[in-house]
file data_27.cif (mmCIF, C-alpha atoms)
data_model
loop_
_atom_site.label_atom_id
_atom_site.label_comp_id
_atom_site.auth_asym_id
_atom_site.auth_seq_id
_atom_site.Cartn_x
_atom_site.Cartn_y
_atom_site.Cartn_z
CA MET A 1 -103.30 -74.93 -70.12
CA ILE A 2 -103.76 -71.35 -71.28
CA SER A 3 -104.00 -68.81 -68.50
CA VAL A 4 -104.69 -65.09 -68.59
CA THR A 5 -103.29 -62.94 -65.80
CA MET A 6 -102.31 -59.35 -65.30
CA GLY A 7 -98.65 -58.91 -66.28
CA ARG A 8 -95.85 -56.41 -65.86
CA THR A 9 -96.71 -52.76 -65.36
CA THR A 10 -93.49 -51.10 -66.51
CA ALA A 11 -94.34 -48.16 -68.75
CA LEU A 12 -92.59 -48.49 -72.07
CA GLY A 13 -91.76 -45.66 -74.41
CA ALA A 14 -93.55 -45.85 -77.73
CA VAL A 15 -92.06 -46.20 -81.16
CA MET A 16 -94.68 -46.08 -83.94
CA LEU A 17 -95.37 -49.45 -85.56
CA SER A 18 -94.66 -49.21 -89.25
CA LEU A 19 -94.80 -51.57 -92.17
CA LEU A 20 -91.37 -51.01 -93.69
CA ALA A 21 -90.87 -51.95 -97.30
CA VAL A 22 -88.20 -54.55 -98.00
CA PRO A 23 -85.61 -52.98 -100.31
CA ALA A 24 -84.92 -54.50 -103.69
CA GLN A 25 -81.24 -54.82 -102.83
CA ALA A 26 -79.00 -54.48 -99.83
CA SER A 27 -78.74 -50.85 -98.78
CA ASP A 28 -77.82 -48.80 -95.74
CA ALA A 29 -80.48 -46.22 -96.60
CA PRO A 30 -83.53 -46.04 -94.33
CA HIS A 31 -86.80 -47.12 -95.92
CA THR A 32 -90.05 -45.24 -95.73
CA ALA A 33 -93.31 -46.77 -94.55
CA PRO A 34 -96.53 -46.96 -96.57
CA ALA A 35 -99.74 -45.62 -95.07
CA ALA A 36 -100.52 -47.20 -91.70
CA ARG A 37 -103.51 -49.47 -91.38
CA ALA A 38 -106.43 -47.72 -89.74
CA ALA A 39 -107.86 -50.77 -88.03
CA ALA A 40 -106.79 -51.61 -84.50
CA ALA A 41 -104.73 -54.78 -84.07
CA PRO A 42 -106.93 -57.82 -83.49
CA ALA A 43 -106.77 -59.61 -80.15
CA PRO A 44 -104.38 -62.58 -79.93
CA ASP A 45 -106.01 -65.87 -80.89
CA VAL A 46 -104.95 -68.11 -78.01
CA THR A 47 -106.72 -71.11 -79.54
CA ALA A 48 -104.60 -70.80 -82.68
CA LEU A 49 -101.54 -70.33 -80.48
CA ARG A 50 -102.27 -73.60 -78.73
CA GLN A 51 -102.79 -75.30 -82.10
CA ALA A 52 -99.35 -74.19 -83.24
CA LEU A 53 -97.76 -75.66 -80.12
CA ARG A 54 -99.63 -78.93 -80.60
CA ALA A 55 -98.38 -79.03 -84.19
CA ALA A 56 -94.82 -78.87 -82.85
CA LEU A 57 -95.53 -81.89 -80.65
CA ALA A 58 -97.09 -83.78 -83.54
CA ALA A 59 -93.92 -83.12 -85.55
CA GLY A 60 -91.64 -84.56 -82.88
CA ALA A 61 -91.00 -81.97 -80.17
CA PRO A 62 -91.32 -83.36 -76.63
CA GLY A 63 -92.76 -80.03 -75.48
CA ALA A 64 -93.63 -76.51 -76.63
CA MET A 65 -94.54 -73.34 -74.76
CA ALA A 66 -95.37 -69.70 -75.39
CA ARG A 67 -96.09 -66.49 -73.53
CA VAL A 68 -97.82 -63.38 -74.84
CA ASP A 69 -97.49 -59.99 -73.11
CA ASP A 70 -100.15 -57.66 -74.46
CA GLY A 71 -100.39 -54.25 -72.85
CA GLY A 72 -100.49 -55.67 -69.32
CA THR A 73 -102.40 -58.88 -70.07
CA VAL A 74 -100.49 -62.15 -70.14
CA HIS A 75 -101.44 -65.29 -72.05
CA LYS A 76 -99.53 -68.49 -71.39
CA ALA A 77 -99.72 -71.79 -73.27
CA ALA A 78 -97.79 -75.03 -72.83
CA GLU A 79 -98.07 -78.51 -74.34
CA GLY A 80 -96.07 -81.68 -73.74
CA ILE A 81 -93.15 -82.36 -71.44
CA ALA A 82 -90.03 -80.59 -70.24
CA ASP A 83 -88.16 -83.73 -69.21
CA ARG A 84 -88.50 -87.11 -70.93
CA GLY A 85 -86.88 -88.81 -67.97
CA THR A 86 -89.32 -87.64 -65.32
CA GLY A 87 -92.29 -86.81 -67.52
CA ARG A 88 -92.61 -83.35 -65.96
CA ALA A 89 -94.94 -81.14 -67.95
CA ILE A 90 -93.38 -78.13 -69.64
CA THR A 91 -94.55 -74.68 -68.52
CA ALA A 92 -94.19 -71.22 -70.01
CA ASP A 93 -92.04 -70.28 -66.98
CA ASP A 94 -89.31 -72.85 -67.66
CA ARG A 95 -85.84 -71.59 -68.50
CA PHE A 96 -84.21 -72.59 -71.79
CA ARG A 97 -81.27 -71.83 -74.09
CA VAL A 98 -82.28 -68.98 -76.43
CA GLY A 99 -79.74 -69.57 -79.21
CA SER A 100 -79.43 -66.71 -81.67
CA VAL A 101 -81.78 -64.41 -79.80
CA THR A 102 -78.47 -63.72 -78.04
CA LYS A 103 -77.46 -61.77 -81.14
CA THR A 104 -80.01 -59.07 -80.36
CA PHE A 105 -78.53 -58.67 -76.87
CA SER A 106 -75.05 -58.37 -78.37
CA ALA A 107 -76.22 -55.78 -80.89
CA ALA A 108 -77.96 -53.77 -78.16
CA VAL A 109 -74.75 -53.62 -76.11
CA LEU A 110 -72.74 -52.45 -79.13
CA LEU A 111 -75.33 -49.79 -79.94
CA GLN A 112 -75.06 -48.54 -76.37
CA LEU A 113 -71.32 -48.28 -76.92
CA VAL A 114 -72.01 -46.29 -80.09
CA ASP A 115 -74.20 -43.97 -77.99
CA GLU A 116 -71.27 -43.59 -75.58
CA GLY A 117 -68.88 -42.68 -78.37
CA ALA A 118 -66.72 -45.80 -77.99
CA LEU A 119 -67.11 -46.71 -81.68
CA GLY A 120 -69.11 -45.89 -84.78
CA LEU A 121 -71.23 -48.22 -86.87
CA ASP A 122 -69.22 -47.33 -89.96
CA ASP A 123 -65.87 -47.79 -88.23
CA ARG A 124 -63.77 -50.50 -89.76
CA VAL A 125 -63.49 -53.53 -87.50
CA ASP A 126 -59.75 -53.20 -88.03
CA ASP A 127 -59.85 -49.83 -86.24
CA HIS A 128 -60.66 -51.65 -83.00
CA LEU A 129 -59.39 -55.19 -83.60
CA PRO A 130 -56.30 -54.63 -85.76
CA GLY A 131 -55.41 -57.52 -88.03
CA LEU A 132 -58.39 -59.68 -87.10
CA LEU A 133 -60.07 -59.68 -90.52
CA PRO A 134 -58.36 -60.09 -93.87
CA ASP A 135 -60.49 -57.43 -95.58
CA ARG A 136 -59.97 -54.06 -93.92
CA ARG A 137 -63.12 -52.69 -95.57
CA THR A 138 -65.33 -54.67 -93.17
CA THR A 139 -67.26 -52.34 -90.85
CA VAL A 140 -69.15 -52.79 -87.62
CA ARG A 141 -72.38 -52.26 -89.57
CA HIS A 142 -71.46 -55.04 -92.00
CA VAL A 143 -70.91 -57.43 -89.09
CA LEU A 144 -74.18 -56.62 -87.29
CA SER A 145 -76.24 -56.92 -90.49
CA HIS A 146 -74.64 -60.19 -91.73
CA ARG A 147 -73.03 -58.47 -94.71
CA SER A 148 -69.37 -59.05 -93.83
CA GLY A 149 -68.99 -62.17 -95.97
CA LEU A 150 -67.35 -64.03 -93.07
CA TYR A 151 -67.79 -67.77 -93.50
CA ASP A 152 -69.97 -69.46 -90.86
CA TYR A 153 -67.74 -71.95 -89.03
CA THR A 154 -70.79 -73.84 -87.73
CA ASN A 155 -71.24 -75.32 -91.22
CA ASP A 156 -68.12 -77.35 -90.55
CA LEU A 157 -68.61 -78.03 -86.83
CA PHE A 158 -72.12 -79.38 -87.32
CA ALA A 159 -72.10 -80.86 -90.82
CA ARG A 160 -73.07 -84.04 -88.95
CA THR A 161 -75.48 -83.00 -86.23
CA VAL A 162 -75.02 -85.34 -83.27
CA PRO A 163 -71.33 -86.24 -83.77
CA GLY A 164 -70.57 -82.56 -84.28
CA PHE A 165 -72.37 -81.64 -81.10
CA GLU A 166 -70.78 -84.37 -78.99
CA ALA A 167 -67.34 -83.23 -80.19
CA VAL A 168 -67.91 -79.75 -78.72
CA ARG A 169 -70.39 -80.41 -75.91
CA ASN A 170 -67.74 -79.87 -73.22
CA LYS A 171 -65.17 -77.93 -75.25
CA VAL A 172 -64.24 -74.36 -74.32
CA PHE A 173 -63.27 -72.23 -77.30
CA GLY A 174 -61.50 -68.92 -77.28
CA TYR A 175 -62.96 -66.32 -79.62
CA GLN A 176 -59.82 -66.45 -81.75
CA GLU A 177 -60.20 -70.21 -82.21
CA LEU A 178 -63.68 -69.68 -83.64
CA MET A 179 -62.39 -66.91 -85.87
CA ASP A 180 -59.60 -69.18 -87.13
CA LEU A 181 -62.20 -71.78 -88.14
CA SER A 182 -64.04 -69.14 -90.14
CA LEU A 183 -61.02 -67.47 -91.70
CA ALA A 184 -59.73 -70.80 -93.00
CA LYS A 185 -62.48 -70.52 -95.63
CA ALA A 186 -62.99 -67.97 -98.37
CA PRO A 187 -65.50 -65.15 -97.76
CA THR A 188 -69.00 -65.67 -99.11
CA VAL A 189 -69.56 -62.07 -100.28
CA ALA A 190 -67.55 -58.86 -100.36
CA PRO A 191 -67.99 -56.61 -97.30
CA GLY A 192 -71.19 -54.59 -97.69
CA GLY A 193 -72.68 -57.08 -100.14
CA SER A 194 -75.88 -59.06 -99.79
CA TYR A 195 -77.17 -60.61 -96.56
CA ALA A 196 -75.46 -63.93 -95.73
CA TYR A 197 -76.20 -65.22 -92.23
CA SER A 198 -73.08 -66.19 -90.28
CA ASN A 199 -72.54 -66.85 -86.60
CA THR A 200 -68.99 -65.58 -87.10
CA ASN A 201 -70.31 -62.02 -87.29
CA PHE A 202 -71.45 -62.12 -83.69
CA VAL A 203 -68.22 -63.68 -82.53
CA VAL A 204 -66.69 -60.46 -83.86
CA ALA A 205 -69.40 -58.52 -82.00
CA GLY A 206 -68.40 -60.23 -78.75
CA MET A 207 -64.74 -59.48 -79.37
CA LEU A 208 -65.57 -55.82 -79.97
CA ILE A 209 -67.58 -55.63 -76.73
CA GLU A 210 -64.75 -57.13 -74.71
CA LYS A 211 -62.06 -54.99 -76.36
CA LEU A 212 -63.97 -51.72 -75.92
CA THR A 213 -65.12 -52.33 -72.33
CA GLY A 214 -62.26 -54.42 -70.94
CA ASN A 215 -64.88 -56.76 -69.45
CA PRO A 216 -66.20 -60.24 -70.28
CA VAL A 217 -69.24 -60.09 -72.53
CA GLY A 218 -71.38 -61.76 -69.85
CA ASP A 219 -70.65 -58.92 -67.43
CA GLU A 220 -71.74 -56.38 -70.01
CA TYR A 221 -75.00 -58.24 -70.68
CA ARG A 222 -75.65 -58.33 -66.94
CA ASP A 223 -74.79 -54.74 -66.16
CA ARG A 224 -76.36 -53.14 -69.23
CA ILE A 225 -79.45 -55.30 -69.81
CA PHE A 226 -80.19 -58.12 -67.35
CA THR A 227 -80.00 -56.04 -64.17
CA PRO A 228 -81.59 -52.77 -65.38
CA LEU A 229 -84.56 -54.65 -66.87
CA LYS A 230 -84.86 -57.00 -63.86
CA LEU A 231 -84.47 -60.09 -66.03
CA ARG A 232 -84.30 -62.39 -63.04
CA ASP A 233 -84.27 -65.61 -65.09
CA THR A 234 -81.68 -64.61 -67.70
CA PHE A 235 -78.06 -65.78 -67.50
CA TYR A 236 -74.81 -66.06 -69.40
CA VAL A 237 -73.06 -68.98 -67.74
CA HIS A 238 -70.38 -69.77 -70.34
CA PRO A 239 -68.32 -71.89 -69.95
CA GLY A 240 -70.56 -73.56 -67.36
CA THR A 241 -72.65 -76.41 -68.73
CA ALA A 242 -75.80 -76.39 -66.57
CA VAL A 243 -79.02 -74.45 -67.08
CA PRO A 244 -79.73 -73.05 -63.60
CA GLY A 245 -83.06 -73.51 -61.86
CA VAL A 246 -86.23 -75.05 -63.27
CA HIS A 247 -85.77 -75.53 -67.00
CA ALA A 248 -86.95 -77.44 -70.02
CA ARG A 249 -84.45 -80.04 -71.15
CA GLY A 250 -83.34 -79.84 -74.77
CA TYR A 251 -83.44 -82.79 -77.17
CA LEU A 252 -81.40 -82.91 -80.35
CA THR A 253 -82.83 -84.81 -83.30
CA PRO A 254 -80.22 -87.01 -85.05
CA ASP A 255 -79.80 -86.82 -88.81
CA GLU A 256 -80.75 -90.50 -89.15
CA ALA A 257 -84.50 -91.04 -89.44
CA GLY A 258 -85.95 -92.84 -86.44
CA ALA A 259 -82.86 -92.49 -84.25
CA ALA A 260 -83.42 -91.65 -80.59
CA LEU A 261 -83.39 -88.04 -79.45
CA VAL A 262 -80.20 -86.92 -77.68
CA ASP A 263 -80.44 -84.95 -74.44
CA SER A 264 -78.33 -81.89 -75.27
CA THR A 265 -79.20 -79.75 -72.25
CA ARG A 266 -75.78 -79.74 -70.63
CA GLN A 267 -73.13 -78.11 -72.80
CA THR A 268 -70.71 -75.22 -72.67
CA ALA A 269 -72.37 -73.56 -75.70
CA SER A 270 -68.82 -72.30 -76.22
CA TRP A 271 -69.16 -72.73 -79.97
CA ALA A 272 -71.76 -69.93 -79.80
CA GLN A 273 -70.87 -67.51 -76.97
CA SER A 274 -71.96 -63.97 -78.01
CA ALA A 275 -73.73 -65.48 -81.02
CA GLY A 276 -76.00 -67.79 -79.02
CA ALA A 277 -75.21 -68.76 -75.40
CA ILE A 278 -77.76 -66.82 -73.30
CA ILE A 279 -80.29 -68.69 -71.10
CA SER A 280 -83.67 -67.05 -70.40
CA THR A 281 -87.45 -67.44 -70.12
CA THR A 282 -90.39 -66.38 -72.25
CA ARG A 283 -91.19 -63.59 -69.79
CA ASP A 284 -87.70 -62.16 -69.81
CA LEU A 285 -87.33 -62.26 -73.60
CA ASN A 286 -90.66 -60.46 -74.01
CA THR A 287 -89.53 -57.87 -71.47
CA PHE A 288 -86.21 -57.38 -73.28
CA LEU A 289 -87.70 -56.93 -76.74
CA ALA A 290 -90.43 -54.63 -75.47
CA ALA A 291 -87.81 -52.45 -73.79
CA LEU A 292 -85.59 -52.46 -76.87
CA LEU A 293 -88.32 -51.51 -79.35
CA GLY A 294 -89.78 -49.13 -76.78
CA GLY A 295 -86.58 -47.12 -76.77
CA GLU A 296 -85.40 -47.96 -73.24
CA LEU A 297 -82.01 -49.46 -74.12
CA THR A 298 -80.56 -47.15 -76.78
CA SER A 299 -81.03 -43.67 -78.13
CA ALA A 300 -83.71 -43.12 -80.76
CA ALA A 301 -80.96 -42.62 -83.32
CA GLN A 302 -79.38 -46.01 -82.65
CA LEU A 303 -82.75 -47.76 -82.59
CA ALA A 304 -83.41 -46.26 -86.02
CA GLU A 305 -80.06 -47.63 -87.21
CA MET A 306 -81.01 -51.03 -85.84
CA ARG A 307 -84.12 -50.86 -88.03
CA ARG A 308 -82.39 -50.12 -91.35
CA TRP A 309 -83.27 -53.24 -93.29
CA VAL A 310 -81.64 -55.46 -95.89
CA PRO A 311 -83.68 -58.22 -97.56
CA VAL A 312 -83.63 -61.84 -96.45
CA ASN A 313 -86.60 -63.27 -98.38
CA SER A 314 -90.13 -62.29 -99.35
CA THR A 315 -91.32 -61.96 -95.74
CA GLN A 316 -88.17 -61.15 -93.78
CA ALA A 317 -85.54 -58.44 -93.54
CA TYR A 318 -82.56 -57.96 -91.22
CA GLY A 319 -81.34 -54.83 -89.47
CA LEU A 320 -78.55 -54.77 -86.89
CA GLY A 321 -78.97 -57.93 -84.84
CA LEU A 322 -82.73 -57.58 -85.34
CA ARG A 323 -85.04 -59.45 -87.69
CA ARG A 324 -88.23 -58.09 -89.21
CA ARG A 325 -91.03 -60.48 -90.20
CA ASP A 326 -93.95 -59.37 -92.38
CA LEU A 327 -97.07 -61.35 -91.51
CA SER A 328 -100.01 -62.39 -93.66
CA CYS A 329 -102.26 -59.63 -92.26
CA GLY A 330 -99.86 -56.83 -93.23
CA VAL A 331 -98.33 -56.39 -89.76
CA SER A 332 -94.56 -56.38 -89.26
CA VAL A 333 -92.98 -57.68 -86.05
CA TYR A 334 -89.44 -57.41 -84.74
CA GLY A 335 -87.13 -59.74 -82.84
CA HIS A 336 -85.08 -62.84 -83.55
CA ASN A 337 -85.34 -66.59 -83.85
CA GLY A 338 -82.84 -68.90 -82.19
CA THR A 339 -81.47 -72.40 -82.47
CA VAL A 340 -79.14 -74.12 -80.07
CA GLN A 341 -78.92 -77.88 -79.79
CA GLY A 342 -82.24 -79.05 -78.36
CA TYR A 343 -84.14 -75.75 -78.53
CA TYR A 344 -85.96 -73.64 -81.09
CA THR A 345 -87.00 -70.13 -80.05
CA SER A 346 -89.09 -67.47 -81.78
CA SER A 347 -89.23 -64.12 -79.95
CA PHE A 348 -90.89 -61.06 -81.52
CA THR A 349 -92.65 -57.85 -80.57
CA SER A 350 -94.73 -55.15 -82.23
CA GLY A 351 -93.08 -51.96 -83.43
CA ASP A 352 -94.06 -50.12 -80.24
CA GLY A 353 -93.14 -53.03 -77.94
CA ARG A 354 -96.66 -53.32 -76.53
CA ARG A 355 -97.42 -56.84 -77.73
CA SER A 356 -94.74 -59.55 -77.58
CA VAL A 357 -94.65 -63.32 -77.92
CA THR A 358 -91.93 -65.85 -77.28
CA ALA A 359 -92.49 -69.46 -78.33
CA VAL A 360 -90.14 -72.39 -77.70
CA ALA A 361 -89.95 -76.05 -78.70
CA ASN A 362 -87.48 -78.26 -76.86
CA THR A 363 -85.93 -79.96 -79.87
CA SER A 364 -83.85 -78.95 -82.88
CA ASN A 365 -82.62 -80.34 -86.21
CA ASN A 366 -86.29 -80.92 -87.08
CA GLY A 367 -87.41 -78.64 -89.88
CA THR A 368 -91.08 -79.54 -89.47
CA VAL A 369 -91.04 -78.42 -85.84
CA LEU A 370 -89.13 -75.28 -86.78
CA ASN A 371 -91.77 -74.35 -89.32
CA THR A 372 -94.57 -74.48 -86.74
CA LEU A 373 -93.17 -71.51 -84.79
CA PRO A 374 -94.09 -68.79 -87.33
CA ARG A 375 -97.70 -69.84 -86.81
CA THR A 376 -97.48 -68.49 -83.26
CA LEU A 377 -96.74 -65.03 -84.70
CA GLU A 378 -99.72 -65.21 -87.03
CA ALA A 379 -101.96 -66.27 -84.14
CA VAL A 380 -100.79 -63.52 -81.80
CA PHE A 381 -100.50 -60.56 -84.17
CA CYS A 382 -103.04 -61.42 -86.90
CA GLY A 383 -105.57 -62.88 -84.54
CA SER A 384 -107.51 -65.46 -86.50
CA ALA A 385 -107.13 -69.21 -86.71
CA ALA A 386 -107.13 -68.85 -90.51
CA ALA A 387 -104.14 -66.51 -90.32
CA ALA A 388 -102.39 -68.92 -87.97
CA ARG A 389 -102.40 -71.43 -90.83
CA ALA A 390 -101.01 -68.93 -93.34
CA ALA A 391 -98.32 -70.20 -95.65
CA VAL A 392 -94.84 -68.85 -94.84
CA PRO A 393 -91.47 -69.45 -96.50
CA ALA A 394 -89.59 -72.44 -95.12
CA GLU A 395 -87.43 -71.68 -92.11
CA HIS A 396 -83.73 -72.54 -91.93
CA GLU A 397 -81.73 -73.28 -88.81
CA ASP A 398 -79.10 -70.75 -87.79
CA ILE A 399 -76.72 -73.57 -86.88
CA ALA A 400 -74.86 -74.73 -90.01
CA PRO A 401 -77.19 -72.64 -92.18
CA ASP A 402 -75.62 -73.82 -95.46
CA VAL A 403 -75.78 -77.54 -94.71
CA VAL A 404 -78.59 -79.30 -96.58
CA ARG A 405 -80.26 -82.04 -94.55
CA ASP A 406 -82.18 -84.93 -96.13
#

call {"tool": "encode", "arguments": {"input": "data_27.cif", "output": "structure tokens"}}
result
Amino acid sequence: MISVTMGRTTALGAVMLSLLAVPAQASDAPHTAPAARAAAAPAPDVTALRQALRAALAAGAPGAMARVDDGGTVHKAAEGIADRGTGRAITADDRFRVGSVTKTFSAAVLLQLVDEGALGLDDRVDDHLPGLLPDRRTTVRHVLSHRSGLYDYTNDLFARTVPGFEAVRNKVFGYQELMDLSLAKAPTVAPGGSYAYSNTNFVVAGMLIEKLTGNPVGDEYRDRIFTPLKLRDTFYVHPGTAVPGVHARGYLTPDEAGAALVDSTRQTASWAQSAGAIISTTRDLNTFLAALLGGELTSAAQLAEMRRWVPVNSTQAYGLGLRRRDLSCGVSVYGHNGTVQGYYTSSFTSGDGRRSVTAVANTSNNGTVLNTLPRTLEAVFCGSAAAARAAVPAEHEDIAPDVVRD
């Protein structure tokens, strides 16, 4: 059921929404915006939003949910079930594992540390973590923008989806163990080269946070973001395995066609940590992204650095732990997508943070389900059912991103 209620009333600072041109090649230079569209943004199309969630169910997700926060008005939508065992219906208030949306939290903490003078974006990683990386040219900026060339160890851990997951479901990794898995392979690009997504980059980010603060990364998330923003349903429980409170269970799709879904809810998520282990809700993720783009978490200078883009494909670019998506109606939105076993998440906001949407399906390793989530962005920011059916480039999971599935 879709409901409309009055939402949060926190006043957010404004950052002008701009349509930023994707550069022809990777660059650290800021990019100028073309002339802004004169027309006001259309209202969210909640019917098209519901259709996108139903498409996820038709493609194999047990359940799908979304929440829109739009200048004080809230739209919620939910379809299907949260728990295949009990048959409980999923709701937009259920907690879930956010996967790589965690990367935006990690980047925000590091940018706060830049504001505090603890490091610089163009510092070499070696300046703070001596001897960690084989190429001393690698900078903090390279890591946060996926231009370090560090091999993504998840390609090896999850080359086979379910066996790979079961092998690590209860395993607790140290950061150095994950780094060793990555460093056993040759780099994919030279530091500062083209965008090449790798979870290893945000393992380095977590190591930097812990080295610079002397605290566990979860404490820094809590003290710098969760508590100040009153994110009451957001947690970093690593290495605990349970999702606290009322939550949607996650179901991993095996590689073999027709094989039964695997309940993957309980896990340490230790293979991910600062790259993907946060637990949250649609409300809290919308609140976080609105605050981030609204300038509440970093200085204006660091937010501008976060929004210096390198190309990903024809409709996406990547900043520092932040993804930009260019929609069919000419609007750009900002946030991150996330995959962790059993959950797909898409969480994005407008350039001023006033309109946000988080959509979740409680399955993974299902490309058809994954490709329904961009339709929620079209519905919410472009406003028409026609736009919600707009063609978009095929999505790729951020677990084992280089592994080709049949």

call {"tool": "atom_distance", "arguments": {"input": "data_27.cif", "atom1": "CA of Leu303 in chain A", "atom2": "CA of Arg222 in chain A"}}
result
20.2 Å

call {"tool": "resolve_selection", "arguments": {"input": "data_27.cif", "expression": "the PyMOL selection byres ((chain A and resi 181) around 12)", "output": "ChimeraX atom specification"}}
result
/A:150-157,173-180,182-186,199-200,203,271

call {"tool": "atom_distance", "arguments": {"input": "data_27.cif", "atom1": "CA of Ala190 in chain A", "atom2": "CA of Ser145 in chain A"}}
result
13.3 Å

call {"tool": "residues_around", "arguments": {"input": "data_27.cif", "residues": "Leu289 in chain A", "least_positions_apart": "2", "cutoff": "12 Å", "atoms": "all atoms listed in the file", "output": "mmCIF file with C-alpha atoms, in the coordinates of the input"}}
result
data_model
loop_
_atom_site.group_PDB
_atom_site.id
_atom_site.type_symbol
_atom_site.label_atom_id
_atom_site.label_comp_id
_atom_site.auth_asym_id
_atom_site.auth_seq_id
_atom_site.Cartn_x
_atom_site.Cartn_y
_atom_site.Cartn_z
ATOM 1 C CA LEU A 12 -92.590 -48.490 -72.070
ATOM 2 C CA ASP A 69 -97.490 -59.990 -73.110
ATOM 3 C CA VAL A 101 -81.780 -64.410 -79.800
ATOM 4 C CA THR A 102 -78.470 -63.720 -78.040
ATOM 5 C CA THR A 104 -80.010 -59.070 -80.360
ATOM 6 C CA PHE A 105 -78.530 -58.670 -76.870
ATOM 7 C CA ALA A 108 -77.960 -53.770 -78.160
ATOM 8 C CA ILE A 225 -79.450 -55.300 -69.810
ATOM 9 C CA LEU A 229 -84.560 -54.650 -66.870
ATOM 10 C CA LEU A 231 -84.470 -60.090 -66.030
ATOM 11 C CA THR A 282 -90.390 -66.380 -72.250
ATOM 12 C CA ARG A 283 -91.190 -63.590 -69.790
ATOM 13 C CA ASP A 284 -87.700 -62.160 -69.810
ATOM 14 C CA LEU A 285 -87.330 -62.260 -73.600
ATOM 15 C CA ASN A 286 -90.660 -60.460 -74.010
ATOM 16 C CA THR A 287 -89.530 -57.870 -71.470
ATOM 17 C CA ALA A 291 -87.810 -52.450 -73.790
ATOM 18 C CA LEU A 292 -85.590 -52.460 -76.870
ATOM 19 C CA LEU A 293 -88.320 -51.510 -79.350
ATOM 20 C CA GLY A 294 -89.780 -49.130 -76.780
ATOM 21 C CA GLY A 295 -86.580 -47.120 -76.770
ATOM 22 C CA GLU A 296 -85.400 -47.960 -73.240
ATOM 23 C CA LEU A 297 -82.010 -49.460 -74.120
ATOM 24 C CA LEU A 303 -82.750 -47.760 -82.590
ATOM 25 C CA GLY A 321 -78.970 -57.930 -84.840
ATOM 26 C CA LEU A 322 -82.730 -57.580 -85.340
ATOM 27 C CA ARG A 323 -85.040 -59.450 -87.690
ATOM 28 C CA VAL A 333 -92.980 -57.680 -86.050
ATOM 29 C CA TYR A 334 -89.440 -57.410 -84.740
ATOM 30 C CA GLY A 335 -87.130 -59.740 -82.840
ATOM 31 C CA HIS A 336 -85.080 -62.840 -83.550
ATOM 32 C CA SER A 346 -89.090 -67.470 -81.780
ATOM 33 C CA SER A 347 -89.230 -64.120 -79.950
ATOM 34 C CA PHE A 348 -90.890 -61.060 -81.520
ATOM 35 C CA THR A 349 -92.650 -57.850 -80.570
ATOM 36 C CA SER A 350 -94.730 -55.150 -82.230
ATOM 37 C CA GLY A 351 -93.080 -51.960 -83.430
ATOM 38 C CA ASP A 352 -94.060 -50.120 -80.240
ATOM 39 C CA GLY A 353 -93.140 -53.030 -77.940
ATOM 40 C CA ARG A 354 -96.660 -53.320 -76.530
ATOM 41 C CA ARG A 355 -97.420 -56.840 -77.730
ATOM 42 C CA SER A 356 -94.740 -59.550 -77.580
ATOM 43 C CA VAL A 357 -94.650 -63.320 -77.920
ATOM 44 C CA THR A 358 -91.930 -65.850 -77.280
#

call {"tool": "residues_near_point", "arguments": {"input": "data_27.cif", "point": "(-87.3, -68.2, -62.2)", "cutoff": "10 Å", "atoms": "only C-alpha atoms", "output": "PyMOL selection string"}}
result
chain A and resi 93-95+231-234+244-247+280-281+283-284

call {"tool": "write_last_selection", "arguments": {"input": "data_27.cif", "atoms": "C-alpha atoms", "output": "mmCIF file, in the frame of the given file"}}
result
data_model
loop_
_atom_site.group_PDB
_atom_site.id
_atom_site.type_symbol
_atom_site.label_atom_id
_atom_site.label_comp_id
_atom_site.auth_asym_id
_atom_site.auth_seq_id
_atom_site.Cartn_x
_atom_site.Cartn_y
_atom_site.Cartn_z
ATOM 1 C CA ASP A 93 -92.040 -70.280 -66.980
ATOM 2 C CA ASP A 94 -89.310 -72.850 -67.660
ATOM 3 C CA ARG A 95 -85.840 -71.590 -68.500
ATOM 4 C CA LEU A 231 -84.470 -60.090 -66.030
ATOM 5 C CA ARG A 232 -84.300 -62.390 -63.040
ATOM 6 C CA ASP A 233 -84.270 -65.610 -65.090
ATOM 7 C CA THR A 234 -81.680 -64.610 -67.700
ATOM 8 C CA PRO A 244 -79.730 -73.050 -63.600
ATOM 9 C CA GLY A 245 -83.060 -73.510 -61.860
ATOM 10 C CA VAL A 246 -86.230 -75.050 -63.270
ATOM 11 C CA HIS A 247 -85.770 -75.530 -67.000
ATOM 12 C CA SER A 280 -83.670 -67.050 -70.400
ATOM 13 C CA THR A 281 -87.450 -67.440 -70.120
ATOM 14 C CA ARG A 283 -91.190 -63.590 -69.790
ATOM 15 C CA ASP A 284 -87.700 -62.160 -69.810
#

call {"tool": "resolve_selection", "arguments": {"input": "data_27.cif", "expression": "the PyMOL selection byres ((chain A and resi 196) around 8)", "output": "number ranges by chain"}}
result
A: 146-147, 149, 188-189, 194-195, 197-198

call {"tool": "residues_around", "arguments": {"input": "data_27.cif", "residues": "Ala52 in chain A", "least_positions_apart": "5", "cutoff": "9 Å", "atoms": "only C-alpha atoms", "output": "PyMOL selection string"}}
result
chain A and resi 47+57+372-376+379+388-389

call {"tool": "residues_around", "arguments": {"input": "data_27.cif", "residues": "Lys76 in chain A", "least_positions_apart": "3", "cutoff": "12 Å", "atoms": "only C-alpha atoms", "output": "number ranges by chain"}}
result
A: 1-7, 44-47, 49-50, 53, 64-70, 73, 79, 90-94, 282-283, 356-360, 380
